[in-house]
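Participant: Below are the structure tokens for one structure; questions will follow.
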Amino acid sequence: MIKKIILGAVILAVIVLAGWKLFFSKSDVSKKLDKVKENLTAYHMEANMDLTANEETRSYFVTTDYCKKDNNDYFRVSMLDKNINQTQIMLKNNEGVFVLTPLLNQVYKFKGDWPLNSPKPYLYHSLLDNLDNKHEVKKMDDGYLISGPAEYVNSPEWIKQDIKFSTELKPLWVDIKNESNTVVGKVTFTNCDFTPKYSDDFFNVESNMKQAQDEENKPNEDTQVTFEDLPLLPAENTETLQEKTVSHINGNSYYIMTFTGKHNFTMVQGIAEKYDEMKIIEVDMEYVETINGVAFKDGNRIIYQKNGVSFDIYSDTMTIPEIISVVNNMESYEKK
């Protein structure tokens, strides 16, 4: 009987200790989180990001910069697609929000709350916001492991994630998982600086475009997609390509394709126009986060640009998330 009492006491002590450790960890993280948020006025972060879809993995090098000036939030995100050696830059300054495509010498300007309008696994603000949601904390010798549900509106298959922070709440890595607990997205941070110094024109559109075009890692002309390489089709799609025609508009050629099945939709596809001088295009549409590329939505229509190819997809029977699913699953073309 005494042995049973002692055993029960030991088990109870273990349970209480485990519960105290979890509570202590969450309290510890919460205090540090409040301190980080209070002092967060700037950061520079670099990360390697691998995203897997349809058994294909795309690799990116992402640089994220943030600075608070005169009560305004300034952001710069540079995303290098390692597979095709092309860079896309997104900026937010006091003039608006911009998406720069150096390859085309083209800039989209739009209104919105980017990048805080939706979670992004490479954005420190988003990772901190995850600590405000339901999560589990595992305290480790070198930091904290945060596990919980993921909410990426335009990637509904991303349903949970693990985030590893250092003891100072610097991000170390993020694993995004699907329903099968398979890692479909991985972000590994290689640099994190909370006291960066920025030049006056660091978040300027013109200076960023010039710098990007002056860099040596310009894509090889022989590897760029041409109209002869089109059309590209959805890699996974239950609909059938019903009709395909070629149309010529203002000297440019486009494929017009009609898909039928569970859902009906039309896709117009062509080579995105390049400009000799920087072209700023104001868009009265909402910016949409996609796995890669630039996308805007207007009703049930998505305008999408990826790797020098433009897509215009619209449907009377599909929701925006369903159209985005088509966008995210477009074939990637890489010349050998």
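Residues in the structure tokens are numbered from 1 in each chain, the chains being A, B, ... in the order shown, and ligands are numbered from 1 in the order shown.
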Check range 33-183 of chain A with DSSP on the backbone and list each residue it calls strand (DSSP E), as number ranges by chain.
Facilitator: A: 42-53, 56-69, 72-81, 86-93, 96-101, 106-110, 136-140, 143-149, 160-166, 171-177, 183
Participant: Find the nearest atom pair between each residue of range 26-105 of chain A and range 111-135 of chain A for residues within 10 Å, count only C-alpha atoms, give distances in Å to one decimal, sort rows by chain and ascending number, and present the table as CSV.
Facilitator:
```
residue,atom,partner,partner_atom,distance
A:Lys26,CA,A:Leu131,CA,9.3
A:Val29,CA,A:Leu131,CA,8.5
A:Ser30,CA,A:Leu131,CA,8.0
A:Leu33,CA,A:Leu128,CA,7.4
A:Asp34,CA,A:Leu128,CA,9.9
A:Val36,CA,A:Leu128,CA,9.1
A:Lys37,CA,A:Leu128,CA,8.3
A:Leu40,CA,A:His125,CA,9.5
A:Tyr43,CA,A:Tyr124,CA,8.6
A:His44,CA,A:Tyr124,CA,9.6
A:Met45,CA,A:Tyr124,CA,8.3
A:Glu46,CA,A:Tyr122,CA,8.6
A:Ala47,CA,A:Tyr122,CA,7.2
A:Asn48,CA,A:Tyr122,CA,9.1
A:Met49,CA,A:Tyr122,CA,8.0
A:Val62,CA,A:Tyr122,CA,7.4
A:Thr63,CA,A:Tyr122,CA,8.5
A:Thr64,CA,A:Leu123,CA,6.9
A:Asp65,CA,A:Leu123,CA,9.1
A:Tyr66,CA,A:Tyr124,CA,9.2
A:Tyr74,CA,A:Pro115,CA,9.9
A:Phe75,CA,A:Pro115,CA,7.8
A:Arg76,CA,A:Pro115,CA,9.4
A:Val77,CA,A:Leu123,CA,8.9
A:Met90,CA,A:Pro115,CA,9.0
A:Leu91,CA,A:Trp114,CA,9.0
A:Lys92,CA,A:Trp114,CA,7.5
A:Glu95,CA,A:Lys111,CA,9.7
A:Gly96,CA,A:Lys111,CA,6.3
A:Val97,CA,A:Lys111,CA,6.2
A:Phe98,CA,A:Lys111,CA,8.8
```
Participant: Just N, CA and C atoms for this one: save the residues we selected as a tab-separated table (two decimals), in the first residue's frame.
Facilitator:
```tsv
chain	number	residue	atom	x	y	z
A	26	LYS	N	5.64	29.11	-21.77
A	26	LYS	CA	4.74	30.05	-22.45
A	26	LYS	C	4.84	31.43	-21.83
A	29	VAL	N	8.13	32.97	-23.01
A	29	VAL	CA	8.03	33.41	-24.39
A	29	VAL	C	7.19	34.68	-24.48
A	30	SER	N	6.08	34.72	-23.73
A	30	SER	CA	5.18	35.87	-23.77
A	30	SER	C	5.88	37.15	-23.33
A	33	LEU	N	8.30	38.12	-25.99
A	33	LEU	CA	7.56	38.58	-27.16
A	33	LEU	C	7.14	40.03	-27.00
A	34	ASP	N	6.62	40.36	-25.83
A	34	ASP	CA	6.20	41.74	-25.57
A	34	ASP	C	7.39	42.70	-25.69
A	36	VAL	N	10.18	42.20	-27.49
A	36	VAL	CA	10.60	42.27	-28.89
A	36	VAL	C	9.67	43.20	-29.67
A	37	LYS	N	8.36	43.03	-29.50
A	37	LYS	CA	7.40	43.86	-30.22
A	37	LYS	C	7.55	45.34	-29.85
A	40	LEU	N	10.67	46.67	-31.65
A	40	LEU	CA	10.84	46.31	-33.06
A	40	LEU	C	10.66	47.54	-33.96
A	43	TYR	N	14.53	45.45	-38.98
A	43	TYR	CA	15.22	44.17	-39.04
A	43	TYR	C	15.61	43.84	-40.47
A	44	HIS	N	16.68	43.09	-40.58
A	44	HIS	CA	17.14	42.55	-41.86
A	44	HIS	C	17.29	41.04	-41.68
A	45	MET	N	16.63	40.28	-42.57
A	45	MET	CA	16.67	38.82	-42.45
A	45	MET	C	16.89	38.19	-43.82
A	46	GLU	N	17.63	37.10	-43.82
A	46	GLU	CA	17.89	36.34	-45.03
A	46	GLU	C	17.52	34.89	-44.78
A	47	ALA	N	16.95	34.26	-45.81
A	47	ALA	CA	16.49	32.89	-45.62
A	47	ALA	C	16.48	32.13	-46.94
A	48	ASN	N	16.67	30.82	-46.84
A	48	ASN	CA	16.46	29.92	-47.97
A	48	ASN	C	15.08	29.30	-47.79
A	49	MET	N	14.29	29.32	-48.85
A	49	MET	CA	12.92	28.80	-48.78
A	49	MET	C	12.70	27.76	-49.87
A	62	VAL	N	15.37	34.46	-49.97
A	62	VAL	CA	14.49	35.59	-49.61
A	62	VAL	C	15.21	36.53	-48.65
A	63	THR	N	15.22	37.80	-49.01
A	63	THR	CA	15.77	38.83	-48.13
A	63	THR	C	14.63	39.76	-47.72
A	64	THR	N	14.45	39.94	-46.42
A	64	THR	CA	13.36	40.76	-45.90
A	64	THR	C	13.92	41.90	-45.07
A	65	ASP	N	13.49	43.13	-45.37
A	65	ASP	CA	13.92	44.31	-44.62
A	65	ASP	C	12.71	45.09	-44.15
A	66	TYR	N	12.80	45.58	-42.92
A	66	TYR	CA	11.72	46.37	-42.33
A	66	TYR	C	12.31	47.55	-41.59
A	74	TYR	N	7.92	50.59	-43.46
A	74	TYR	CA	8.57	50.40	-44.75
A	74	TYR	C	9.03	48.93	-44.84
A	75	PHE	N	8.73	48.30	-45.97
A	75	PHE	CA	9.12	46.91	-46.17
A	75	PHE	C	9.80	46.75	-47.52
A	76	ARG	N	10.74	45.83	-47.57
A	76	ARG	CA	11.35	45.41	-48.82
A	76	ARG	C	11.56	43.90	-48.76
A	77	VAL	N	11.00	43.18	-49.73
A	77	VAL	CA	11.19	41.74	-49.82
A	77	VAL	C	11.76	41.42	-51.20
A	90	MET	N	9.46	43.30	-53.82
A	90	MET	CA	8.24	43.93	-53.36
A	90	MET	C	8.59	45.02	-52.36
A	91	LEU	N	7.99	46.17	-52.52
A	91	LEU	CA	8.30	47.32	-51.68
A	91	LEU	C	7.02	47.93	-51.11
A	92	LYS	N	7.16	48.45	-49.89
A	92	LYS	CA	6.12	49.30	-49.33
A	92	LYS	C	6.81	50.53	-48.76
A	95	GLU	N	4.65	56.02	-50.50
A	95	GLU	CA	3.97	56.29	-51.75
A	95	GLU	C	3.03	55.17	-52.17
A	96	GLY	N	3.14	54.02	-51.54
A	96	GLY	CA	2.28	52.91	-51.88
A	96	GLY	C	2.99	51.57	-51.80
A	97	VAL	N	2.41	50.58	-52.47
A	97	VAL	CA	2.97	49.23	-52.50
A	97	VAL	C	3.34	48.90	-53.95
A	98	PHE	N	4.52	48.32	-54.14
A	98	PHE	CA	5.03	48.09	-55.49
A	98	PHE	C	5.58	46.67	-55.64
```
Participant: So how many Å separate CA of Ala150 in chain A and CA of Lys32 in chain A, to one decimal?
Facilitator: 22.1 Å
Participant: Just want the 8 Å neighbourhood of Asn72 in chain A, counted on only C-alpha atoms, with same-chain residues fewer than 2 positions away dropped. Output as a PyMOL selection string.
Facilitator: chain A and resi 68-70+74+93-94
Participant: Write out the residues from the selection above, keeping all heavy atoms, as a PDB file, in the first residue's frame.
Facilitator:
```pdb
ATOM      1  N   LYS A  68      10.773  51.226 -39.474  1.00  0.00           N
ATOM      2  CA  LYS A  68       9.687  52.126 -39.086  1.00  0.00           C
ATOM      3  C   LYS A  68      10.228  53.550 -39.093  1.00  0.00           C
ATOM      4  O   LYS A  68      11.167  53.865 -38.363  1.00  0.00           O
ATOM      5  CB  LYS A  68       9.147  51.767 -37.706  1.00  0.00           C
ATOM      6  CG  LYS A  68       7.804  52.396 -37.389  1.00  0.00           C
ATOM      7  CD  LYS A  68       7.256  51.835 -36.089  1.00  0.00           C
ATOM      8  CE  LYS A  68       5.787  52.189 -35.901  1.00  0.00           C
ATOM      9  NZ  LYS A  68       4.918  51.557 -36.894  1.00  0.00           N
ATOM     10  N   LYS A  69       9.634  54.384 -39.957  1.00  0.00           N
ATOM     11  CA  LYS A  69      10.074  55.778 -40.065  1.00  0.00           C
ATOM     12  C   LYS A  69       8.867  56.704 -40.017  1.00  0.00           C
ATOM     13  O   LYS A  69       7.917  56.531 -40.776  1.00  0.00           O
ATOM     14  CB  LYS A  69      10.826  56.004 -41.384  1.00  0.00           C
ATOM     15  CG  LYS A  69      12.117  55.216 -41.514  1.00  0.00           C
ATOM     16  CD  LYS A  69      12.973  55.721 -42.661  1.00  0.00           C
ATOM     17  CE  LYS A  69      12.287  55.669 -43.986  1.00  0.00           C
ATOM     18  NZ  LYS A  69      13.179  56.103 -45.108  1.00  0.00           N
ATOM     19  N   ASP A  70       8.901  57.648 -39.097  1.00  0.00           N
ATOM     20  CA  ASP A  70       7.817  58.638 -38.974  1.00  0.00           C
ATOM     21  C   ASP A  70       6.455  57.961 -38.868  1.00  0.00           C
ATOM     22  O   ASP A  70       5.476  58.347 -39.526  1.00  0.00           O
ATOM     23  CB  ASP A  70       7.833  59.591 -40.179  1.00  0.00           C
ATOM     24  CG  ASP A  70       9.146  60.327 -40.311  1.00  0.00           C
ATOM     25  OD1 ASP A  70       9.745  60.656 -39.272  1.00  0.00           O
ATOM     26  OD2 ASP A  70       9.579  60.554 -41.460  1.00  0.00           O
ATOM     27  N   TYR A  74       7.917  50.589 -43.465  1.00  0.00           N
ATOM     28  CA  TYR A  74       8.568  50.396 -44.753  1.00  0.00           C
ATOM     29  C   TYR A  74       9.026  48.929 -44.843  1.00  0.00           C
ATOM     30  O   TYR A  74       9.647  48.417 -43.901  1.00  0.00           O
ATOM     31  CB  TYR A  74       9.780  51.314 -44.905  1.00  0.00           C
ATOM     32  CG  TYR A  74       9.440  52.774 -45.104  1.00  0.00           C
ATOM     33  CD1 TYR A  74       8.841  53.527 -44.091  1.00  0.00           C
ATOM     34  CD2 TYR A  74       9.731  53.416 -46.300  1.00  0.00           C
ATOM     35  CE1 TYR A  74       8.538  54.873 -44.266  1.00  0.00           C
ATOM     36  CE2 TYR A  74       9.437  54.769 -46.489  1.00  0.00           C
ATOM     37  CZ  TYR A  74       8.838  55.482 -45.467  1.00  0.00           C
ATOM     38  OH  TYR A  74       8.531  56.815 -45.643  1.00  0.00           O
ATOM     39  N   ASN A  93       6.414  51.711 -49.246  1.00  0.00           N
ATOM     40  CA  ASN A  93       6.933  52.957 -48.704  1.00  0.00           C
ATOM     41  C   ASN A  93       5.777  53.935 -48.543  1.00  0.00           C
ATOM     42  O   ASN A  93       4.604  53.545 -48.648  1.00  0.00           O
ATOM     43  CB  ASN A  93       8.060  53.521 -49.582  1.00  0.00           C
ATOM     44  CG  ASN A  93       7.633  53.709 -51.035  1.00  0.00           C
ATOM     45  OD1 ASN A  93       6.475  54.056 -51.309  1.00  0.00           O
ATOM     46  ND2 ASN A  93       8.563  53.481 -51.952  1.00  0.00           N
ATOM     47  N   ASN A  94       6.075  55.201 -48.309  1.00  0.00           N
ATOM     48  CA  ASN A  94       4.995  56.162 -48.067  1.00  0.00           C
ATOM     49  C   ASN A  94       4.233  56.547 -49.333  1.00  0.00           C
ATOM     50  O   ASN A  94       3.259  57.294 -49.280  1.00  0.00           O
ATOM     51  CB  ASN A  94       5.536  57.421 -47.381  1.00  0.00           C
ATOM     52  CG  ASN A  94       6.601  58.112 -48.209  1.00  0.00           C
ATOM     53  OD1 ASN A  94       7.024  57.600 -49.244  1.00  0.00           O
ATOM     54  ND2 ASN A  94       7.020  59.282 -47.766  1.00  0.00           N
TER      55      ASN A  94
END
```
Participant: Excluding Val283 in chain A and its own-chain neighbours fewer than 4 positions away, which residues fall within 8 Å of it when counting only C-alpha atoms? Please give them as number ranges by chain.
Facilitator: A: 108-110
Participant: Using the chain letters and numbers from this document, which residues of range 78-304 of chain A does DSSP assign to helix (DSSP H, G or I), as an MDAnalysis selection string?
Facilitator: chainID A and resid 124:130 205:214 221:223 227:229
Participant: Check the smallest atom-to-atom distance from each of A:Leu233, A:Met140, A:Leu51, A:Ala272 to Val294 in chain A using only C-alpha atoms, then report the winner.
Facilitator: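 The answer is A:Ala272, which sits nearest to Val294 in chain A.
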Participant: Go through A:Ser315, A:Ser155, A:Thr167, A:Thr195 and flag the residue nearest Ala53 in chain A, using only C-alpha atoms for the distances.
Facilitator: A:Ser155
Participant: Please report the interatomic distance between CA of Lys186 in chain A and CA of Pro171 in chain A in Å with one decimal.
Facilitator: 12.5 Å
Participant: Which neighbours of Tyr254 in chain A fall inside 6 Å, counting only C-alpha atoms, when residues of the same chain fewer than 6 positions from it are skipped, and could you give them as an MDAnalysis selection string?
Facilitator: chainID A and resid 246:247 269:270
Participant: Give me the residues near Gln211 in chain A as a PyMOL selection string, where near means some atom within 12 Å (using only C-alpha atoms) and where sequence neighbours in that chain fewer than 2 positions away do not count.
Facilitator: chain A and resi 78+87+89+100+102+105+201-209+213-218
Participant: Next, write the just-selected residues to a file, as a PDB file, in the first residue's frame, keeping C-alpha atoms as the atom set.
Facilitator:
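Output file part.pdb follows:
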```pdb
ATOM      1  CA  SER A  78      13.568  40.389 -52.464  1.00  0.00           C
ATOM      2  CA  THR A  87      14.531  38.113 -58.857  1.00  0.00           C
ATOM      3  CA  ILE A  89      11.197  42.703 -55.405  1.00  0.00           C
ATOM      4  CA  LEU A 100       9.163  45.106 -59.259  1.00  0.00           C
ATOM      5  CA  PRO A 102      13.615  43.627 -63.099  1.00  0.00           C
ATOM      6  CA  ASN A 105      11.711  46.544 -66.291  1.00  0.00           C
ATOM      7  CA  ASP A 201      16.805  55.540 -50.884  1.00  0.00           C
ATOM      8  CA  PHE A 202      16.848  51.917 -49.695  1.00  0.00           C
ATOM      9  CA  PHE A 203      13.054  51.565 -50.044  1.00  0.00           C
ATOM     10  CA  ASN A 204      12.902  53.679 -53.209  1.00  0.00           C
ATOM     11  CA  VAL A 205      11.449  52.101 -56.372  1.00  0.00           C
ATOM     12  CA  GLU A 206      13.902  53.596 -58.873  1.00  0.00           C
ATOM     13  CA  SER A 207      17.043  52.792 -56.874  1.00  0.00           C
ATOM     14  CA  ASN A 208      15.891  49.215 -56.283  1.00  0.00           C
ATOM     15  CA  MET A 209      15.161  48.656 -59.965  1.00  0.00           C
ATOM     16  CA  GLN A 213      19.340  45.316 -63.102  1.00  0.00           C
ATOM     17  CA  ASP A 214      22.981  46.151 -62.418  1.00  0.00           C
ATOM     18  CA  GLU A 215      23.574  42.912 -60.556  1.00  0.00           C
ATOM     19  CA  GLU A 216      25.523  40.231 -62.318  1.00  0.00           C
ATOM     20  CA  ASN A 217      23.027  37.412 -61.795  1.00  0.00           C
ATOM     21  CA  LYS A 218      20.956  38.364 -64.830  1.00  0.00           C
TER      22      LYS A 218
END
```
Participant: CA of Leu172 in chain A to CA of Phe189 in chain A: how many Å, to one decimal?
Facilitator: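 Distance reported for this atom pair: 5.2 Å.
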Participant: Measuring between only C-alpha atoms, which one of A:Asp229, A:Glu179, A:Glu273, A:Glu168 shows the shortest distance to Lys31 in chain A?
Facilitator: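 Closest candidate: A:Glu168.
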